[in-house]
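Have a look at structure.txt; it's compact mmCIF, C-alpha atoms:
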# COMPACT_ATOMS: atom_id res chain seq x y z
CA MET A 1 105.67 60.67 104.33
CA GLY A 2 106.92 58.46 107.11
CA VAL A 3 107.26 60.00 110.56
CA ALA A 4 110.20 59.27 112.86
CA LEU A 5 108.33 59.19 116.16
CA VAL A 6 109.65 60.73 119.36
CA THR A 7 109.52 58.86 122.66
CA PRO A 8 107.57 60.99 125.16
CA PHE A 9 108.75 60.98 128.78
CA ASN A 10 107.03 61.85 132.03
CA SER A 11 108.49 64.45 134.40
CA ASN A 12 110.00 61.61 136.46
CA GLY A 13 111.91 60.35 133.42
CA SER A 14 109.77 57.28 132.70
CA VAL A 15 108.38 56.62 129.23
CA ASP A 16 104.97 58.22 128.74
CA TYR A 17 103.24 55.45 126.80
CA ASN A 18 99.86 57.20 127.03
CA SER A 19 101.19 60.28 125.26
CA LEU A 20 102.88 58.10 122.64
CA SER A 21 99.57 56.38 121.95
CA ALA A 22 97.77 59.73 121.77
CA LEU A 23 100.44 61.10 119.40
CA VAL A 24 100.03 58.17 117.01
CA THR A 25 96.24 58.56 117.11
CA SER A 26 96.49 62.31 116.52
CA LEU A 27 98.81 61.97 113.52
CA SER A 28 96.95 59.08 111.89
CA ASN A 29 94.51 61.32 110.02
CA LYS A 30 96.93 64.09 109.15
CA GLY A 31 98.79 62.77 106.13
CA VAL A 32 101.21 60.28 107.70
CA ASP A 33 101.73 57.20 105.50
CA TYR A 34 103.84 55.04 107.82
CA TRP A 35 105.53 55.04 111.21
CA VAL A 36 109.24 54.84 111.95
CA VAL A 37 109.62 53.55 115.50
CA LEU A 38 112.76 53.58 117.67
CA GLY A 39 114.94 55.55 115.32
CA THR A 40 117.35 58.35 116.25
CA THR A 41 114.48 60.73 117.00
CA ALA A 42 113.12 58.26 119.57
CA GLU A 43 116.24 58.62 121.76
CA SER A 44 116.62 54.86 121.35
CA SER A 45 120.14 54.83 122.75
CA THR A 46 118.73 55.79 126.16
CA LEU A 47 115.93 53.20 126.24
CA THR A 48 116.17 49.79 127.89
CA ALA A 49 115.28 46.63 125.97
CA GLN A 50 112.05 46.40 127.96
CA GLU A 51 111.13 50.01 127.18
CA LYS A 52 111.85 49.50 123.49
CA ALA A 53 109.58 46.45 123.40
CA LYS A 54 106.76 48.37 125.08
CA VAL A 55 107.22 51.40 122.80
CA LEU A 56 106.86 49.15 119.76
CA GLN A 57 103.84 47.40 121.25
CA THR A 58 102.24 50.76 122.08
CA VAL A 59 102.56 51.93 118.48
CA ILE A 60 101.21 48.62 117.15
CA GLU A 61 98.19 48.81 119.47
CA SER A 62 97.55 52.48 118.64
CA ASN A 63 97.92 51.99 114.88
CA HIS A 64 94.19 51.89 114.17
CA LYS A 65 94.64 52.76 110.48
CA ASN A 66 97.06 49.85 110.09
CA LEU A 67 99.77 52.02 108.60
CA PRO A 68 103.05 50.21 107.90
CA ILE A 69 105.55 50.15 110.77
CA VAL A 70 109.29 50.48 110.15
CA LEU A 71 111.41 49.56 113.15
CA GLY A 72 114.82 51.05 113.87
CA ALA A 73 117.27 48.15 114.12
CA GLY A 74 120.82 49.37 113.97
CA GLY A 75 123.98 49.25 116.01
CA ASN A 76 127.74 49.07 115.96
CA ASP A 77 128.02 45.50 117.28
CA THR A 78 127.11 43.39 114.26
CA ARG A 79 127.04 40.07 116.08
CA ALA A 80 124.76 41.34 118.86
CA LEU A 81 122.44 43.03 116.37
CA CYS A 82 122.08 39.90 114.27
CA GLU A 83 121.33 37.83 117.37
CA GLN A 84 118.69 40.38 118.39
CA LEU A 85 117.01 40.12 114.99
CA ARG A 86 116.99 36.33 115.15
CA THR A 87 115.33 36.26 118.59
CA GLN A 88 113.19 39.42 118.82
CA ASP A 89 109.41 39.25 118.42
CA LEU A 90 108.90 41.27 115.26
CA ARG A 91 105.23 40.54 114.68
CA GLY A 92 103.52 43.71 113.51
CA VAL A 93 106.70 45.11 111.97
CA ASP A 94 106.70 45.59 108.19
CA ALA A 95 110.33 46.58 107.60
CA LEU A 96 113.57 47.47 109.38
CA LEU A 97 115.60 50.67 109.24
CA SER A 98 119.26 49.96 109.93
CA VAL A 99 121.67 52.81 110.48
CA VAL A 100 125.31 52.84 109.42
CA PRO A 101 127.37 51.66 112.42
CA TYR A 102 128.43 54.65 114.46
CA TYR A 103 131.68 55.40 116.32
CA ASN A 104 133.61 52.38 114.98
CA LYS A 105 134.18 54.11 111.60
CA PRO A 106 134.42 50.91 109.50
CA THR A 107 135.70 50.76 105.94
CA GLN A 108 133.31 50.33 103.01
CA GLU A 109 134.05 46.60 103.00
CA GLY A 110 133.25 46.49 106.71
CA LEU A 111 129.96 48.29 106.05
CA TYR A 112 129.13 45.85 103.26
CA GLN A 113 129.77 42.85 105.49
CA HIS A 114 127.81 44.42 108.38
CA PHE A 115 124.67 44.87 106.28
CA ALA A 116 125.19 41.52 104.56
CA ALA A 117 125.12 39.87 107.99
CA ILE A 118 121.93 41.72 108.91
CA ALA A 119 120.27 40.70 105.63
CA GLN A 120 121.04 37.07 106.40
CA SER A 121 119.61 37.33 109.93
CA THR A 122 116.04 38.33 109.06
CA GLU A 123 113.41 37.84 106.38
CA LEU A 124 112.01 41.35 106.86
CA PRO A 125 112.70 44.02 104.23
CA ILE A 126 115.56 46.33 105.18
CA LEU A 127 116.05 50.03 104.55
CA LEU A 128 119.64 51.17 104.94
CA TYR A 129 120.07 54.46 106.81
CA ASN A 130 122.85 56.76 105.67
CA VAL A 131 123.43 59.64 108.09
CA PRO A 132 127.16 60.48 108.09
CA SER A 133 126.73 63.53 110.33
CA ARG A 134 125.76 61.18 113.16
CA SER A 135 127.56 57.94 112.33
CA GLY A 136 130.96 59.39 111.44
CA VAL A 137 131.11 57.47 108.14
CA GLY A 138 128.76 57.24 105.21
CA LEU A 139 127.86 54.58 102.68
CA ALA A 140 129.54 55.03 99.32
CA VAL A 141 127.25 54.72 96.32
CA ASP A 142 129.31 51.71 95.15
CA THR A 143 128.59 49.94 98.45
CA ILE A 144 124.86 50.66 98.27
CA VAL A 145 124.66 49.39 94.69
CA ARG A 146 126.51 46.23 95.69
CA LEU A 147 124.16 45.58 98.62
CA ALA A 148 121.08 46.31 96.50
CA ASN A 149 122.18 43.81 93.86
CA ASP A 150 123.34 41.10 96.27
CA PHE A 151 120.42 40.95 98.73
CA ASP A 152 116.74 40.91 97.79
CA THR A 153 115.75 41.89 101.33
CA ILE A 154 117.69 45.16 101.15
CA ILE A 155 114.96 47.14 99.40
CA GLY A 156 115.96 50.75 99.87
CA ILE A 157 117.69 53.50 101.81
CA LYS A 158 116.88 56.51 103.97
CA GLU A 159 119.40 59.02 102.65
CA ALA A 160 119.95 61.73 105.23
CA SER A 161 123.16 63.44 104.14
CA GLY A 162 121.27 66.29 102.48
CA ASP A 163 123.77 66.08 99.60
CA LEU A 164 121.71 66.32 96.39
CA VAL A 165 124.71 65.60 94.15
CA TYR A 166 125.30 62.34 96.03
CA LEU A 167 121.56 61.60 95.87
CA THR A 168 121.50 62.14 92.11
CA ASP A 169 124.38 59.71 91.60
CA LEU A 170 122.74 57.17 93.91
CA ILE A 171 119.36 57.24 92.16
CA SER A 172 120.99 56.92 88.75
CA ARG A 173 122.87 53.75 89.73
CA VAL A 174 120.66 51.63 92.00
CA PRO A 175 118.15 49.14 90.55
CA GLU A 176 114.91 50.70 89.37
CA ASP A 177 112.83 49.11 92.14
CA PHE A 178 115.24 50.16 94.91
CA ILE A 179 113.55 52.72 97.21
CA VAL A 180 115.43 55.94 97.85
CA THR A 181 113.70 58.11 100.43
CA SER A 182 114.94 61.36 101.87
CA GLY A 183 115.88 61.56 105.52
CA ASP A 184 116.52 65.31 105.41
CA ASP A 185 113.52 67.60 105.90
CA PHE A 186 115.32 70.62 104.43
CA THR A 187 115.91 68.98 101.03
CA ALA A 188 113.11 66.38 100.89
CA ILE A 189 111.04 68.12 98.23
CA PRO A 190 113.99 68.81 95.87
CA ALA A 191 115.07 65.19 96.47
CA ILE A 192 111.70 64.02 95.16
CA TYR A 193 112.23 66.08 91.99
CA LEU A 194 115.43 64.07 91.51
CA GLY A 195 113.64 60.74 91.92
CA ALA A 196 113.33 60.10 95.67
CA SER A 197 110.11 58.35 96.69
CA GLY A 198 109.28 60.49 99.73
CA VAL A 199 110.63 61.34 103.17
CA ILE A 200 111.12 59.92 106.62
CA SER A 201 110.51 63.11 108.51
CA VAL A 202 111.02 64.68 111.92
CA ILE A 203 109.00 67.86 111.31
CA GLY A 204 106.23 65.72 109.83
CA GLN A 205 104.93 65.13 113.34
CA GLY A 206 104.97 68.85 114.11
CA VAL A 207 103.35 70.15 110.92
CA PRO A 208 102.00 66.91 109.43
CA GLU A 209 99.29 68.26 107.16
CA LEU A 210 101.44 71.05 105.74
CA PHE A 211 104.53 68.96 105.08
CA SER A 212 102.65 65.93 103.75
CA SER A 213 100.81 68.24 101.32
CA GLY A 214 104.17 69.42 100.01
CA ILE A 215 105.48 65.86 99.67
CA ARG A 216 102.36 64.79 97.77
CA ALA A 217 102.53 67.85 95.55
CA ALA A 218 106.15 67.07 94.69
CA LEU A 219 105.31 63.42 93.92
CA ASN A 220 102.46 64.61 91.68
CA ARG A 221 104.79 67.12 90.02
CA ASP A 222 102.72 70.08 91.17
CA ILE A 223 105.91 72.10 91.36
CA SER A 224 104.32 75.42 92.32
CA ALA A 225 102.46 73.95 95.32
CA ALA A 226 105.45 71.85 96.39
CA ASN A 227 107.85 74.79 96.18
CA LYS A 228 105.51 76.91 98.28
CA VAL A 229 105.61 74.32 101.07
CA HIS A 230 109.37 73.84 100.63
CA ARG A 231 109.99 77.55 101.17
CA SER A 232 107.53 77.80 104.04
CA ILE A 233 109.12 75.05 106.16
CA GLN A 234 112.74 76.15 105.89
CA HIS A 235 112.79 78.56 108.83
CA PHE A 236 110.69 76.22 110.95
CA SER A 237 113.11 73.38 110.20
CA ARG A 238 116.12 75.53 111.11
CA LEU A 239 114.54 76.32 114.46
CA VAL A 240 113.56 72.70 115.15
CA PHE A 241 117.08 71.42 114.50
CA GLU A 242 119.02 74.42 115.89
CA GLN A 243 119.72 72.81 119.28
CA GLY A 244 119.57 69.19 118.17
CA ASN A 245 117.08 66.45 117.48
CA PRO A 246 114.69 65.57 119.09
CA SER A 247 114.98 68.56 121.44
CA GLY A 248 113.42 70.93 118.90
CA ILE A 249 110.56 68.71 117.79
CA LYS A 250 109.77 67.85 121.40
CA ALA A 251 109.48 71.58 122.14
CA CYS A 252 107.10 71.86 119.19
CA LEU A 253 104.95 68.95 120.37
CA THR A 254 104.91 70.42 123.89
CA ILE A 255 103.64 73.74 122.54
CA GLN A 256 100.88 71.80 120.79
CA GLY A 257 99.93 70.09 124.07
CA LEU A 258 100.82 66.59 122.88
CA ILE A 259 103.73 65.67 125.17
CA GLU A 260 105.75 66.98 128.11
CA ASN A 261 109.01 68.73 127.27
CA GLN A 262 111.20 65.97 128.72
CA LEU A 263 114.34 64.33 127.33
CA ARG A 264 116.91 61.92 128.73
CA LEU A 265 120.46 63.04 129.32
CA PRO A 266 122.73 63.81 127.65
CA LEU A 267 119.96 65.57 125.69
CA ILE A 268 118.20 68.54 127.29
CA PRO A 269 115.25 70.75 126.29
CA VAL A 270 115.88 73.72 124.00
CA SER A 271 116.35 77.17 125.46
CA GLU A 272 113.27 79.18 126.36
CA SER A 273 114.07 81.74 123.65
CA LEU A 274 114.24 79.04 120.99
CA LYS A 275 111.01 77.48 122.26
CA GLN A 276 109.34 80.86 121.90
CA GLY A 277 110.74 81.16 118.38
CA ILE A 278 109.30 77.76 117.45
CA GLU A 279 105.92 78.79 118.88
CA THR A 280 105.94 82.01 116.86
CA GLU A 281 106.82 80.17 113.67
CA LEU A 282 104.08 77.59 114.26
CA LYS A 283 101.58 80.46 114.45
CA ASN A 284 103.00 81.92 111.23
CA LEU A 285 102.58 78.59 109.44
CA GLU A 286 98.95 78.40 110.55
CA LYS A 287 98.12 81.71 108.84
Final structure tokens representation of the file:
Amino acid sequence: MGVALVTPFNSNGSVDYNSLSALVTSLSNKGVDYWVVLGTTAESSTLTAQEKAKVLQTVIESNHKNLPIVLGAGGNDTRALCEQLRTQDLRGVDALLSVVPYYNKPTQEGLYQHFAAIAQSTELPILLYNVPSRSGVGLAVDTIVRLANDFDTIIGIKEASGDLVYLTDLISRVPEDFIVTSGDDFTAIPAIYLGASGVISVIGQGVPELFSSGIRAALNRDISAANKVHRSIQHFSRLVFEQGNPSGIKACLTIQGLIENQLRLPLIPVSESLKQGIETELKNLEK
């Protein structure tokens, strides 16, 4: 279970690096296997280059268990992204997570050439990130297979469509050593039954021990235990994502006393009624 970390903010809107460090320390012994830094959940689109560098450095310095670090490195300007990868200090980073370009809505050939350019701009392993609900387009299985076969550094994909039919086709066609990990908390455990290797999770930082136990049970084919966790997290997940990500998970972490309930516009905190619902469900999950 990888965790897509939030970026905590202070009440004045600045990044709360102390809370970020404390969050990493708190989660380190609760079933997290690796960190995903500066992904969608981190509100990366609202962070400056200097803030992003300090967020990464904060996680590296707080990573006392030396868990692998996957850095979000995506964008819809291929040339600028490749230049960034060639010049950025990536010491301490184990792999990159690169999202499908958003807004531009490229063709499949355009997507292939985008990721081909990225693969030729860095020696770090790359996980593709397919999330059509956010990017506007998705990677076709044919395109993923082509990239997997053409570039040794493209080692896997975070598949966040939640489409298990698509996932089944994907797993059946990529090379055997190509990593397919779920990016959808709702379907992560069924995805593992179909051959996924785990999850990059949002709720994993809210209920880390519970969700990681379900992921491990699924990987170990303890179907009864895994299904119990799968059923138990469905309502919690619906609440967490009801008014968008990371608004819901930030409300959860605020309830747990880990961060302040602050986001950067255009995102705003969840409604008070939803926050109360999340708090109630957290108590139910603790029973």
Practice problem: Fewer than 2 positions away in the same chain doesn't count, so skip those; otherwise give me all residues within 10 Å of Arg238 of chain A, counting all atoms listed in the file, as number ranges by chain. | Solution: A: 185-186, 233-236, 240-243, 248, 278
Exercise. Determine, counting all atoms listed in the file, which protein, DNA and RNA residues have an atom within 8 Å of an atom of Ala226 of chain A; residues of the same chain fewer than 2 positions away are not included. Present the result as number ranges by chain.
Key: A: 189, 213-218, 221-224, 228-230
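Taking only C-alpha atoms into account, the protein, DNA and RNA residues within 10 Å of (112.8, 38.8, 100.3) read Ala119, Thr122, Glu123, Leu124, Pro125, Ile126, Phe151, Asp152, Thr153, Ile154 and Ile155 of chain A.
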Quiz item: Residues at most 12 Å from Tyr166 of chain A, counting all atoms listed in the file, excluding those fewer than 6 positions away in the same chain, as a PyMOL selection string?
Solution: chain A and resi 130+138-142+144+159-160+172-173+180+182+191+194
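Here the question is which of A:Ala22, A:Thr143, A:Gly198, A:Ser44 gets nearest to Glu109 of chain A using all atoms listed in the file, and that residue is A:Thr143.
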Exercise. Take the point (116.5, 66.0, 89.5) as written in the file and pick out every residue within 10 Å of it, counting all atoms listed in the file; give the list as a VMD selection string.
Key: chain A and resid 164 to 165 167 to 168 171 190 to 196
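Shortest atom-to-atom contact with Ala117 of chain A among A:Leu170, A:Val202, A:Val145, A:Ala80: A:Ala80, counting only C-alpha atoms.
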What are the closest atom pairs, with distances in Å to one decimal, for each residue of segment 180-255 of chain A lying within 12 Å of segment 89-106 of chain A, using all atoms listed in the file, rows by chain and rising residue number, as a tab-separated table?
residue	atom	partner	partner_atom	distance
A:Thr181	CA	A:Leu97	CA	11.7
A:Gly183	CA	A:Leu97	CA	11.5
A:Ile200	CA	A:Leu97	CA	10.6
Quiz item: Distance atom CA of Asn63 of chain A-atom CA of Val36 of chain A, one decimal place?
Solution: 12.0 Å
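One finds atom CA of Glu260 of chain A at 8.6 Å from atom CA of Ser19 of chain A.
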Exercise. Quick one: everything within 9 Å of Gln205 of chain A, counting only C-alpha atoms, minus sequence neighbours fewer than 6 positions away in the same chain. Send it as JSON, numbers by chain.
Key: {"A": [3, 4, 5, 6, 23, 27, 32, 249, 253]}
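Reported to one decimal place, the separation of atom CA of Val24 of chain A from atom CA of Arg134 of chain A is 26.2 Å.
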Quiz item: Which is closer to Val55 of chain A than all the others in A:Tyr129, A:Tyr34, A:Tyr17, A:Phe9, using all atoms listed in the file?
Solution: A:Tyr17
Axis-aligned box over every listed atom of segment 186-195 of chain A, padded by 8 Å per side: centre and edges in Å to one decimal, as lines of an AutoDock Vina configuration file?
center_x = 113.5
center_y = 65.7
center_z = 98.0
size_x = 20.9
size_y = 25.9
size_z = 28.9
Practice problem: Name the closest residue to Ser28 of chain A among the candidates A:Ser62, A:Gln50, A:Ser45, A:Ser273; distances are taken between atoms, counting all atoms listed in the file. | Solution: A:Ser62
